[in-house]
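So this one's target.txt, compact mmCIF, C-alpha atoms and all ligand atoms:
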```txt
# COMPACT_ATOMS: atom_id res chain seq x y z
CA MET A 1 -147.60 33.08 42.96
CA ALA A 2 -146.78 31.04 39.88
CA ASP A 3 -144.01 32.47 37.75
CA SER A 4 -145.48 32.84 34.28
CA SER A 5 -142.08 32.63 32.55
CA VAL A 6 -141.89 28.90 33.29
CA PRO A 7 -144.01 26.65 31.06
CA ASN A 8 -147.06 25.26 32.74
CA VAL A 9 -148.80 21.95 32.26
CA ALA A 10 -149.06 21.00 28.63
CA VAL A 11 -152.68 20.61 27.57
CA GLU A 12 -153.07 17.37 25.72
CA SER A 13 -155.65 16.43 23.16
CA GLU A 14 -157.79 14.24 25.41
CA GLN A 15 -159.45 16.66 27.79
CA SER A 16 -161.36 15.75 30.89
CA VAL A 17 -164.94 15.67 29.72
CA VAL A 18 -167.62 14.87 32.23
CA LEU A 19 -170.07 13.42 29.74
CA ASN A 20 -167.60 11.51 27.59
CA PRO A 21 -167.48 8.28 29.59
CA ALA A 22 -164.76 5.69 29.10
CA SER A 23 -165.72 3.26 31.86
CA PRO A 24 -168.98 1.53 32.94
CA PRO A 25 -169.68 3.56 36.12
CA ALA A 26 -169.13 6.83 34.23
CA ALA A 27 -171.37 5.58 31.40
CA GLU A 28 -174.15 4.78 33.86
CA ILE A 29 -173.83 8.21 35.48
CA SER A 30 -174.07 10.00 32.14
CA ARG A 31 -177.09 7.89 31.12
CA LEU A 32 -178.79 8.93 34.34
CA PHE A 33 -177.82 12.56 33.73
CA TYR A 34 -179.38 12.62 30.25
CA LEU A 35 -182.55 10.90 31.47
CA ILE A 36 -183.04 13.43 34.28
CA LEU A 37 -182.14 16.30 31.95
CA GLY A 38 -184.86 15.04 29.57
CA ILE A 39 -187.48 14.82 32.33
CA ALA A 40 -186.53 18.26 33.67
CA THR A 41 -186.71 19.74 30.15
CA CYS A 42 -190.24 18.36 29.70
CA ILE A 43 -191.34 19.88 33.02
CA PHE A 44 -189.75 23.19 32.05
CA LEU A 45 -191.67 23.23 28.77
CA ILE A 46 -194.95 22.15 30.40
CA VAL A 47 -194.66 25.08 32.82
CA PHE A 48 -193.19 27.83 30.67
CA VAL A 49 -194.92 27.41 27.30
CA PRO A 50 -198.46 27.83 28.79
CA LEU A 51 -197.15 30.52 31.13
CA LEU A 52 -195.81 32.63 28.25
CA TRP A 53 -199.01 32.04 26.26
CA LEU A 54 -201.16 33.11 29.23
CA ILE A 55 -199.06 36.21 29.85
CA PHE A 56 -199.63 37.48 26.31
CA ARG A 57 -203.15 36.14 25.80
CA PHE A 58 -204.60 37.62 28.99
CA ARG A 59 -202.80 40.95 29.20
CA ALA A 60 -205.01 43.68 30.62
CA PRO A 61 -206.55 45.77 27.81
CA ARG A 62 -205.69 49.53 27.65
CA ASP A 63 -209.14 50.54 28.87
CA HIS A 64 -209.07 48.07 31.79
CA ASP A 65 -211.17 49.31 34.70
CA GLY A 66 -208.94 47.87 37.49
CA THR A 67 -211.32 45.10 38.66
CA GLU A 68 -209.88 41.62 39.35
CA PRO A 69 -210.99 38.54 37.40
CA PRO A 70 -212.84 35.81 39.40
CA GLN A 71 -210.49 34.11 41.90
CA ILE A 72 -210.58 30.32 42.17
CA TYR A 73 -209.84 28.64 45.52
CA GLY A 74 -209.94 25.04 46.64
CA SER A 75 -210.64 23.34 43.32
CA ASN A 76 -210.34 19.66 44.16
CA PRO A 77 -209.37 18.42 40.67
CA ILE A 78 -206.62 21.07 40.35
CA GLU A 79 -205.25 20.45 43.85
CA ILE A 80 -205.14 16.70 43.25
CA ALA A 81 -203.50 17.09 39.83
CA TRP A 82 -200.61 19.20 41.04
CA THR A 83 -200.01 17.03 44.08
CA VAL A 84 -200.13 13.68 42.31
CA GLY A 85 -198.22 14.79 39.19
CA PRO A 86 -195.03 15.94 40.99
CA ALA A 87 -195.25 12.97 43.40
CA ILE A 88 -195.11 10.61 40.42
CA VAL A 89 -192.17 12.54 38.94
CA VAL A 90 -190.25 12.35 42.25
CA PHE A 91 -191.00 8.64 42.54
CA VAL A 92 -189.72 7.98 39.02
CA LEU A 93 -186.54 9.99 39.70
CA PHE A 94 -186.03 8.02 42.92
CA LEU A 95 -186.38 4.70 41.07
CA VAL A 96 -183.99 5.54 38.23
CA THR A 97 -181.43 6.98 40.67
CA ALA A 98 -181.63 3.93 42.93
CA ARG A 99 -181.19 1.71 39.88
CA SER A 100 -178.03 3.59 38.90
CA VAL A 101 -176.66 3.42 42.44
CA PHE A 102 -176.95 -0.38 42.30
CA GLN A 103 -175.65 -0.53 38.73
CA ILE A 104 -172.39 1.15 39.62
CA LYS A 105 -171.70 -1.00 42.67
CA GLU A 106 -168.59 -3.01 42.12
CA PRO A 107 -169.52 -6.50 40.99
CA ALA A 108 -167.42 -9.12 42.77
CA THR A 109 -165.30 -10.50 39.97
CA GLY A 110 -162.77 -12.45 42.03
CA GLN A 111 -160.52 -12.16 38.98
CA SER A 112 -156.84 -12.66 39.57
CA GLN A 113 -156.18 -9.88 37.02
CA ASP A 114 -158.07 -7.29 39.06
CA LEU A 115 -155.73 -4.45 39.89
CA ASN A 116 -155.75 -3.15 43.45
CA VAL A 117 -154.34 0.27 44.22
CA ARG A 118 -154.29 2.05 47.53
CA VAL A 119 -154.85 5.76 47.08
CA ILE A 120 -153.87 8.16 49.85
CA GLY A 121 -154.86 11.80 49.62
CA HIS A 122 -152.34 14.29 50.96
CA GLN A 123 -152.32 18.07 51.12
CA TRP A 124 -151.87 18.50 48.08
CA TRP A 125 -150.93 15.44 46.07
CA TRP A 126 -151.95 11.83 45.49
CA GLU A 127 -150.12 8.75 46.66
CA PHE A 128 -150.66 5.54 44.68
CA GLU A 129 -149.48 2.33 46.28
CA TYR A 130 -149.51 -0.91 44.29
CA PRO A 131 -149.46 -3.53 47.08
CA GLU A 132 -149.31 -6.51 44.71
CA TYR A 133 -146.24 -5.09 42.99
CA GLY A 134 -144.45 -3.53 45.94
CA PHE A 135 -143.97 0.06 44.84
CA THR A 136 -145.48 3.48 45.38
CA THR A 137 -145.81 6.39 43.00
CA ALA A 138 -147.57 9.76 42.95
CA ASN A 139 -150.13 11.80 41.00
CA GLU A 140 -150.13 9.61 37.88
CA LEU A 141 -152.04 6.36 38.13
CA HIS A 142 -151.23 3.72 35.52
CA VAL A 143 -153.79 0.99 34.84
CA PRO A 144 -154.32 -1.65 32.16
CA TYR A 145 -157.40 -1.36 30.00
CA THR A 146 -159.70 -4.05 28.62
CA PRO A 147 -160.72 -3.07 25.08
CA ALA A 148 -162.85 -6.04 24.06
CA HIS A 149 -165.63 -5.82 26.61
CA THR A 150 -169.07 -4.37 26.34
CA PRO A 151 -170.22 -2.01 29.12
CA SER A 152 -170.15 -3.82 32.43
CA ARG A 153 -173.10 -5.48 34.03
CA ALA A 154 -173.13 -7.80 37.02
CA ASP A 155 -172.42 -10.73 34.71
CA ASP A 156 -169.44 -9.07 33.07
CA LEU A 157 -166.29 -10.60 34.45
CA ALA A 158 -163.69 -8.27 32.98
CA PRO A 159 -160.85 -7.38 35.35
CA HIS A 160 -161.44 -4.18 37.26
CA VAL A 161 -159.31 -1.47 38.71
CA HIS A 162 -160.19 -1.45 42.40
CA LEU A 163 -159.14 1.50 44.54
CA ASP A 164 -158.99 1.65 48.33
CA LEU A 165 -159.15 5.32 49.24
CA GLY A 166 -157.79 6.84 52.44
CA SER A 167 -156.42 10.16 53.59
CA ALA A 168 -153.30 11.20 55.46
CA ASP A 169 -154.77 14.48 56.70
CA VAL A 170 -158.12 16.02 55.72
CA LEU A 171 -161.04 15.20 53.43
CA HIS A 172 -160.23 14.91 49.74
CA SER A 173 -162.29 13.50 46.90
CA PHE A 174 -161.12 11.34 44.02
CA TRP A 175 -162.79 12.33 40.77
CA VAL A 176 -161.85 11.27 37.26
CA PRO A 177 -165.11 12.10 35.45
CA GLN A 178 -164.56 9.85 32.45
CA LEU A 179 -163.98 6.80 34.63
CA SER A 180 -166.32 7.00 37.62
CA GLY A 181 -168.18 9.22 40.06
CA LYS A 182 -166.59 11.05 42.97
CA THR A 183 -165.60 9.21 46.13
CA ASP A 184 -164.36 10.97 49.24
CA LEU A 185 -161.09 10.15 50.96
CA VAL A 186 -161.79 10.28 54.67
CA PRO A 187 -159.13 10.20 57.41
CA GLY A 188 -159.46 7.04 59.48
CA ARG A 189 -161.52 5.00 57.06
CA LEU A 190 -161.21 3.29 53.69
CA ASN A 191 -163.66 3.94 50.89
CA THR A 192 -163.63 2.01 47.67
CA LEU A 193 -164.10 2.85 44.01
CA TRP A 194 -163.79 0.85 40.84
CA PHE A 195 -163.60 1.46 37.11
CA GLU A 196 -162.68 -0.36 33.97
CA PRO A 197 -161.25 1.80 31.18
CA LYS A 198 -162.61 0.91 27.74
CA ARG A 199 -159.99 2.82 25.81
CA SER A 200 -156.37 3.81 26.24
CA GLY A 201 -155.08 7.28 26.94
CA TRP A 202 -154.79 9.86 29.67
CA PHE A 203 -157.82 10.68 31.80
CA TYR A 204 -157.74 13.83 33.86
CA GLY A 205 -158.98 14.14 37.41
CA GLN A 206 -159.07 16.64 40.20
CA CYS A 207 -159.57 16.62 43.95
CA ALA A 208 -163.26 17.42 44.34
CA GLU A 209 -163.46 18.30 48.02
CA TYR A 210 -162.04 21.53 49.36
CA CYS A 211 -158.94 20.52 51.31
CA GLY A 212 -157.02 23.73 51.93
CA THR A 213 -155.05 26.43 50.14
CA GLN A 214 -153.79 24.35 47.23
CA HIS A 215 -156.95 22.29 46.68
CA ALA A 216 -157.16 23.60 43.13
CA HIS A 217 -153.64 22.31 42.47
CA MET A 218 -154.39 18.74 43.39
CA LEU A 219 -154.70 17.23 39.96
CA LEU A 220 -154.27 13.65 38.98
CA ARG A 221 -154.17 11.73 35.77
CA VAL A 222 -154.92 8.14 34.96
CA LYS A 223 -153.04 6.48 32.13
CA ALA A 224 -154.93 3.52 30.71
CA GLN A 225 -152.54 1.43 28.68
CA THR A 226 -152.41 -1.98 27.04
CA GLU A 227 -151.64 -4.97 29.23
CA ASP A 228 -148.13 -5.20 27.75
CA ASP A 229 -147.32 -1.52 28.24
CA PHE A 230 -148.68 -1.70 31.76
CA LYS A 231 -146.53 -4.71 32.62
CA LYS A 232 -143.49 -2.94 31.26
CA TRP A 233 -144.27 0.14 33.33
CA VAL A 234 -144.71 -2.02 36.45
CA ALA A 235 -141.35 -3.71 35.86
CA ASP A 236 -139.69 -0.29 35.49
CA GLN A 237 -141.28 0.97 38.70
CA GLN A 238 -140.22 -2.13 40.63
CA ARG A 239 -136.50 -1.51 39.99
CA PRO A 240 -134.66 0.29 42.81
CA ALA A 241 -133.51 3.80 42.04
CA GLN A 242 -130.75 4.41 39.51
CA ASP A 243 -127.41 5.31 41.09
CA PRO A 244 -125.28 8.09 39.57
CA SER A 245 -122.37 6.76 37.51
CA GLU A 246 -118.93 7.24 39.06
CA ASP A 247 -117.86 10.00 36.69
CA ASP A 248 -121.08 11.99 37.19
CA THR A 249 -119.66 14.08 40.04
CA GLU A 250 -122.52 16.58 39.98
CA ALA A 251 -125.20 13.92 40.51
CA LEU A 252 -123.06 12.14 43.11
CA ALA A 253 -122.71 15.39 45.04
CA GLY A 254 -126.45 15.97 44.65
CA LYS A 255 -127.22 12.54 46.06
CA ALA A 256 -125.02 13.27 49.09
CA ILE A 257 -126.81 16.59 49.65
CA PHE A 258 -130.20 14.91 49.31
CA LEU A 259 -129.35 12.17 51.81
CA THR A 260 -127.73 14.43 54.39
CA ASN A 261 -130.44 17.09 54.36
CA ALA A 262 -134.05 16.96 55.49
CA CYS A 263 -135.06 15.79 51.96
CA ALA A 264 -134.54 12.18 53.06
CA ASN A 265 -136.91 12.59 56.01
CA CYS A 266 -139.88 13.26 53.74
CA HIS A 267 -139.12 11.41 50.52
CA THR A 268 -138.38 7.79 49.72
CA ILE A 269 -135.85 6.80 47.11
CA ARG A 270 -135.80 3.02 47.11
CA GLY A 271 -132.28 1.62 47.26
CA THR A 272 -131.01 4.52 49.38
CA HIS A 273 -131.64 5.27 53.04
CA ALA A 274 -134.13 8.00 52.11
CA LYS A 275 -137.30 6.45 53.51
CA GLY A 276 -139.52 9.42 54.33
CA ILE A 277 -143.22 8.97 53.69
CA PHE A 278 -144.48 12.52 54.13
CA GLY A 279 -143.82 13.56 50.54
CA PRO A 280 -144.04 11.75 47.19
CA ASP A 281 -141.84 8.71 46.51
CA LEU A 282 -139.09 9.91 44.16
CA THR A 283 -137.61 6.54 43.16
CA HIS A 284 -138.72 6.99 39.55
CA LEU A 285 -139.47 10.69 39.59
CA MET A 286 -138.47 11.18 35.95
CA SER A 287 -141.01 8.62 34.76
CA ARG A 288 -143.71 11.14 35.66
CA THR A 289 -144.72 14.00 33.42
CA TRP A 290 -145.76 16.35 36.22
CA ILE A 291 -144.37 17.68 39.45
CA ALA A 292 -146.34 18.89 42.46
CA ALA A 293 -149.68 17.34 41.40
CA GLY A 294 -149.93 18.93 37.99
CA ILE A 295 -148.75 22.44 38.71
CA ARG A 296 -145.78 22.18 36.32
CA VAL A 297 -144.40 19.80 33.73
CA ASN A 298 -141.53 17.70 34.99
CA ASN A 299 -138.37 19.07 33.39
CA LYS A 300 -135.01 20.41 34.49
CA GLU A 301 -136.03 24.05 34.45
CA ASN A 302 -139.09 23.45 36.63
CA LEU A 303 -137.22 21.12 38.99
CA LEU A 304 -134.56 23.79 39.51
CA ALA A 305 -137.24 26.35 40.38
CA TRP A 306 -139.08 23.86 42.59
CA VAL A 307 -136.06 22.71 44.63
CA ALA A 308 -134.84 26.31 44.97
CA ASP A 309 -138.12 27.36 46.59
CA PRO A 310 -141.34 25.32 46.29
CA GLN A 311 -143.27 28.10 48.04
CA LYS A 312 -142.80 30.37 45.01
CA ILE A 313 -144.54 27.85 42.77
CA LYS A 314 -147.11 26.30 45.13
CA GLU A 315 -147.64 28.71 47.97
CA GLY A 316 -148.45 27.01 51.27
CA CYS A 317 -147.37 23.54 50.11
CA ARG A 318 -145.86 21.26 52.74
CA MET A 319 -142.36 21.32 51.26
CA PRO A 320 -140.40 24.18 52.82
CA ASP A 321 -137.76 26.33 51.18
CA MET A 322 -134.66 24.27 52.02
CA LYS A 323 -132.38 27.32 51.70
CA LEU A 324 -129.95 25.47 49.50
CA THR A 325 -127.37 27.51 47.59
CA GLU A 326 -127.77 27.80 43.83
CA ASP A 327 -124.92 25.34 43.39
CA GLU A 328 -126.51 22.82 45.76
CA VAL A 329 -129.84 23.13 43.97
CA LYS A 330 -128.13 22.36 40.65
CA LYS A 331 -126.46 19.28 42.12
CA VAL A 332 -129.66 17.97 43.73
CA VAL A 333 -131.53 18.41 40.44
CA ALA A 334 -128.70 16.65 38.55
CA TYR A 335 -129.32 13.72 40.90
CA LEU A 336 -133.11 13.84 40.58
CA MET A 337 -132.77 13.87 36.77
CA ILE A 338 -131.19 10.40 36.78
CA LEU A 339 -134.12 8.88 38.70
CA GLN A 340 -135.63 7.51 35.50
CU1 LIG B 401 -157.53 17.46 48.13
CU2 LIG B 401 -159.11 19.15 47.59
```
Spit out the file's structure as structure tokens when you get a sec.
Ligand code: CUA
Amino acid sequence: MADSSVPNVAVESEQSVVLNPASPPAAEISRLFYLILGIATCIFLIVFVPLLWLIFRFRAPRDHDGTEPPQIYGSNPIEIAWTVGPAIVVFVLFLVTARSVFQIKEPATGQSQDLNVRVIGHQWWWEFEYPEYGFTTANELHVPYTPAHTPSRADDLAPHVHLDLGSADVLHSFWVPQLSGKTDLVPGRLNTLWFEPKRSGWFYGQCAEYCGTQHAHMLLRVKAQTEDDFKKWVADQQRPAQDPSEDDTEALAGKAIFLTNACANCHTIRGTHAKGIFGPDLTHLMSRTWIAAGIRVNNKENLLAWVADPQKIKEGCRMPDMKLTEDEVKKVVAYLMILQ
């Protein structure tokens, strides 16, 4: 169980709002939603307003003798009306839905600025690999945004964020409501998804397919930032990991503990021989604001608690209690804290 004395994820001003789109596919989905909501509201009113009127207008009088009014069967005009009417409604819904499905297909831009990211779902965190830039990060996806463009159509050649989605274990689903619809991550195949943020900021997402005990703690965030900020972030991520300075004995000891224990079998820290791929890449751990896919903010206090026993914070997660002594935990965290 989560220990309530440790601060949890800070709630920021920009919340995840399903119908507050910031990208063309999400805009198309919310347009479709409002259209269908409008049609459904009309049908609701057409059915319920007369129904309520009839209920009150034709109530049985107090002195009613118990006989039934005349029963009408097999009226051709009525039968035809309530067969044809709904059939037309269903056909219209089919057409508008099909149109939206084609609208949100990724237009082939062939732009050199398109960003490709490979997303791997894990129980219970997200791996983001940037193949063009040669690094991997976790849980927080950074992308550039294109402010000047109008909502995308097939002829809009703005650069896109293109995701290839796969899974390391079970089904997951990538869903950042303000950017696009849901797309499943299926073991053994690659699905694709695209979006194009129209404004900067953090966009919240959540795994949308039940994937085990900690499914609810499989959050992700997308940071849409200006081209310059994005390039700076990429350059920072491309550097190998910081090494502890020679007089930082605590961090040096922590690094030795990290590399000689099982930590190095599961985590990668580029520039060291820790090359595990089972857990998140920690090369620039401190550049992230979360740990463990959004369950806690990334600070010293939470890292100490996490390294001491991850099972206390995220029960059932794949990182075991390493049974380190309190002193070893402190040293390992001192090392992690320099991985800026
Ligand atoms: Cu991953 Cu639910």
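Among A:Gln71, A:Asn302, A:Thr249, A:Thr213, the residue with the shortest atom-to-atom distance to ligand LIG 401 (chain B), counting all atoms listed in the file, is A:Thr213.
Near ligand LIG 401 (chain B), the residues found within 6 Å are Trp124, His172, Cys207, Ala208, Glu209, Tyr210, Cys211, His215 and Met218 of chain A (criterion computed using all atoms listed in the file).
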Would you mind exporting C-alpha atoms of the selected residues as a compact mmCIF listing (two decimals), in the frame of the given file?
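Everything below was put into selection.txt:
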```
# COMPACT_ATOMS: atom_id res chain seq x y z
CA TRP A 124 -151.87 18.50 48.08
CA HIS A 172 -160.23 14.91 49.74
CA CYS A 207 -159.57 16.62 43.95
CA ALA A 208 -163.26 17.42 44.34
CA GLU A 209 -163.46 18.30 48.02
CA TYR A 210 -162.04 21.53 49.36
CA CYS A 211 -158.94 20.52 51.31
CA HIS A 215 -156.95 22.29 46.68
CA MET A 218 -154.39 18.74 43.39
```
What are the closest atom pairs, with distances in Å to one decimal, for each residue of segment 190-225 of chain A lying within 10 Å of segment 19-25 of chain A, using all atoms listed in the file, rows by chain and rising residue number, as a Markdown table?
```
| residue | atom | partner | partner_atom | distance |
| --- | --- | --- | --- | --- |
| A:Leu193 | CA | A:Pro25 | CA | 9.7 |
| A:Trp194 | CA | A:Pro25 | CA | 8.0 |
| A:Phe195 | CA | A:Ser23 | CA | 5.9 |
| A:Glu196 | CA | A:Ser23 | CA | 5.2 |
| A:Pro197 | CA | A:Ser23 | CA | 4.8 |
| A:Lys198 | CA | A:Ala22 | CA | 5.4 |
| A:Arg199 | CA | A:Ala22 | CA | 6.5 |
| A:Ser200 | CA | A:Ala22 | CA | 9.1 |
| A:Phe203 | CA | A:Ala22 | CA | 9.0 |
```
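Using all atoms listed in the file, the residues found no farther than 6 Å from segment 219-235 of chain A, other than those of its own chain fewer than 4 positions away, are Asn139, Glu140, Leu141, His142, Val143, Pro144, Tyr145, Ser200, Gly201, Trp202, Phe203, Tyr204, Gly205, Gln206, Ala293 and Gly294 of chain A.
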May I have the residues within 7 Å of segment 278-287 of chain A as a VMD selection string, using only C-alpha atoms and disregarding those fewer than 3 positions away in the same chain?
chain A and resid 127 136 to 138 237 240 to 241 266 to 270 337 339 to 340
Please produce a file of those selected residues containing C-alpha atoms, as a CSV table (one decimal), keeping the file's coordinate frame.
```csv
chain,number,residue,atom,x,y,z
A,127,GLU,CA,-150.1,8.8,46.7
A,136,THR,CA,-145.5,3.5,45.4
A,137,THR,CA,-145.8,6.4,43.0
A,138,ALA,CA,-147.6,9.8,43.0
A,237,GLN,CA,-141.3,1.0,38.7
A,240,PRO,CA,-134.7,0.3,42.8
A,241,ALA,CA,-133.5,3.8,42.0
A,266,CYS,CA,-139.9,13.3,53.7
A,267,HIS,CA,-139.1,11.4,50.5
A,268,THR,CA,-138.4,7.8,49.7
A,269,ILE,CA,-135.8,6.8,47.1
A,270,ARG,CA,-135.8,3.0,47.1
A,337,MET,CA,-132.8,13.9,36.8
A,339,LEU,CA,-134.1,8.9,38.7
A,340,GLN,CA,-135.6,7.5,35.5
```
Would you mind reading off the distance between atom CA of Val161 of chain A and atom CA of Leu115 of chain A, one decimal, in Å?
4.8 Å
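Of note, atom CA of Asn261 of chain A and atom CA of Asp243 of chain A are spaced 18.0 Å apart.
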Can you list, as a ChimeraX atom specification, every protein, DNA or RNA residue that comes within 8 Å of segment 30-43 of chain A when you count all atoms listed in the file, leaving out same-chain residues fewer than 2 positions away?
/A:19,21,26-28,45-47,93,96-97,100
Show me, as lines of an AutoDock Vina configuration file, the centre and edge lengths in Å to one decimal of the axis-aligned box that covers every listed atom of segment 207-211 of chain A with 4 Å on each side.
```
center_x = -161.2
center_y = 19.1
center_z = 47.6
size_x = 12.5
size_y = 12.9
size_z = 15.4
```
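Remark: for Asn298 of chain A, the closest of the candidate residues A:Val333, A:Ala98, A:Ala251, A:Pro177 is A:Val333 (distances computed over only C-alpha atoms).
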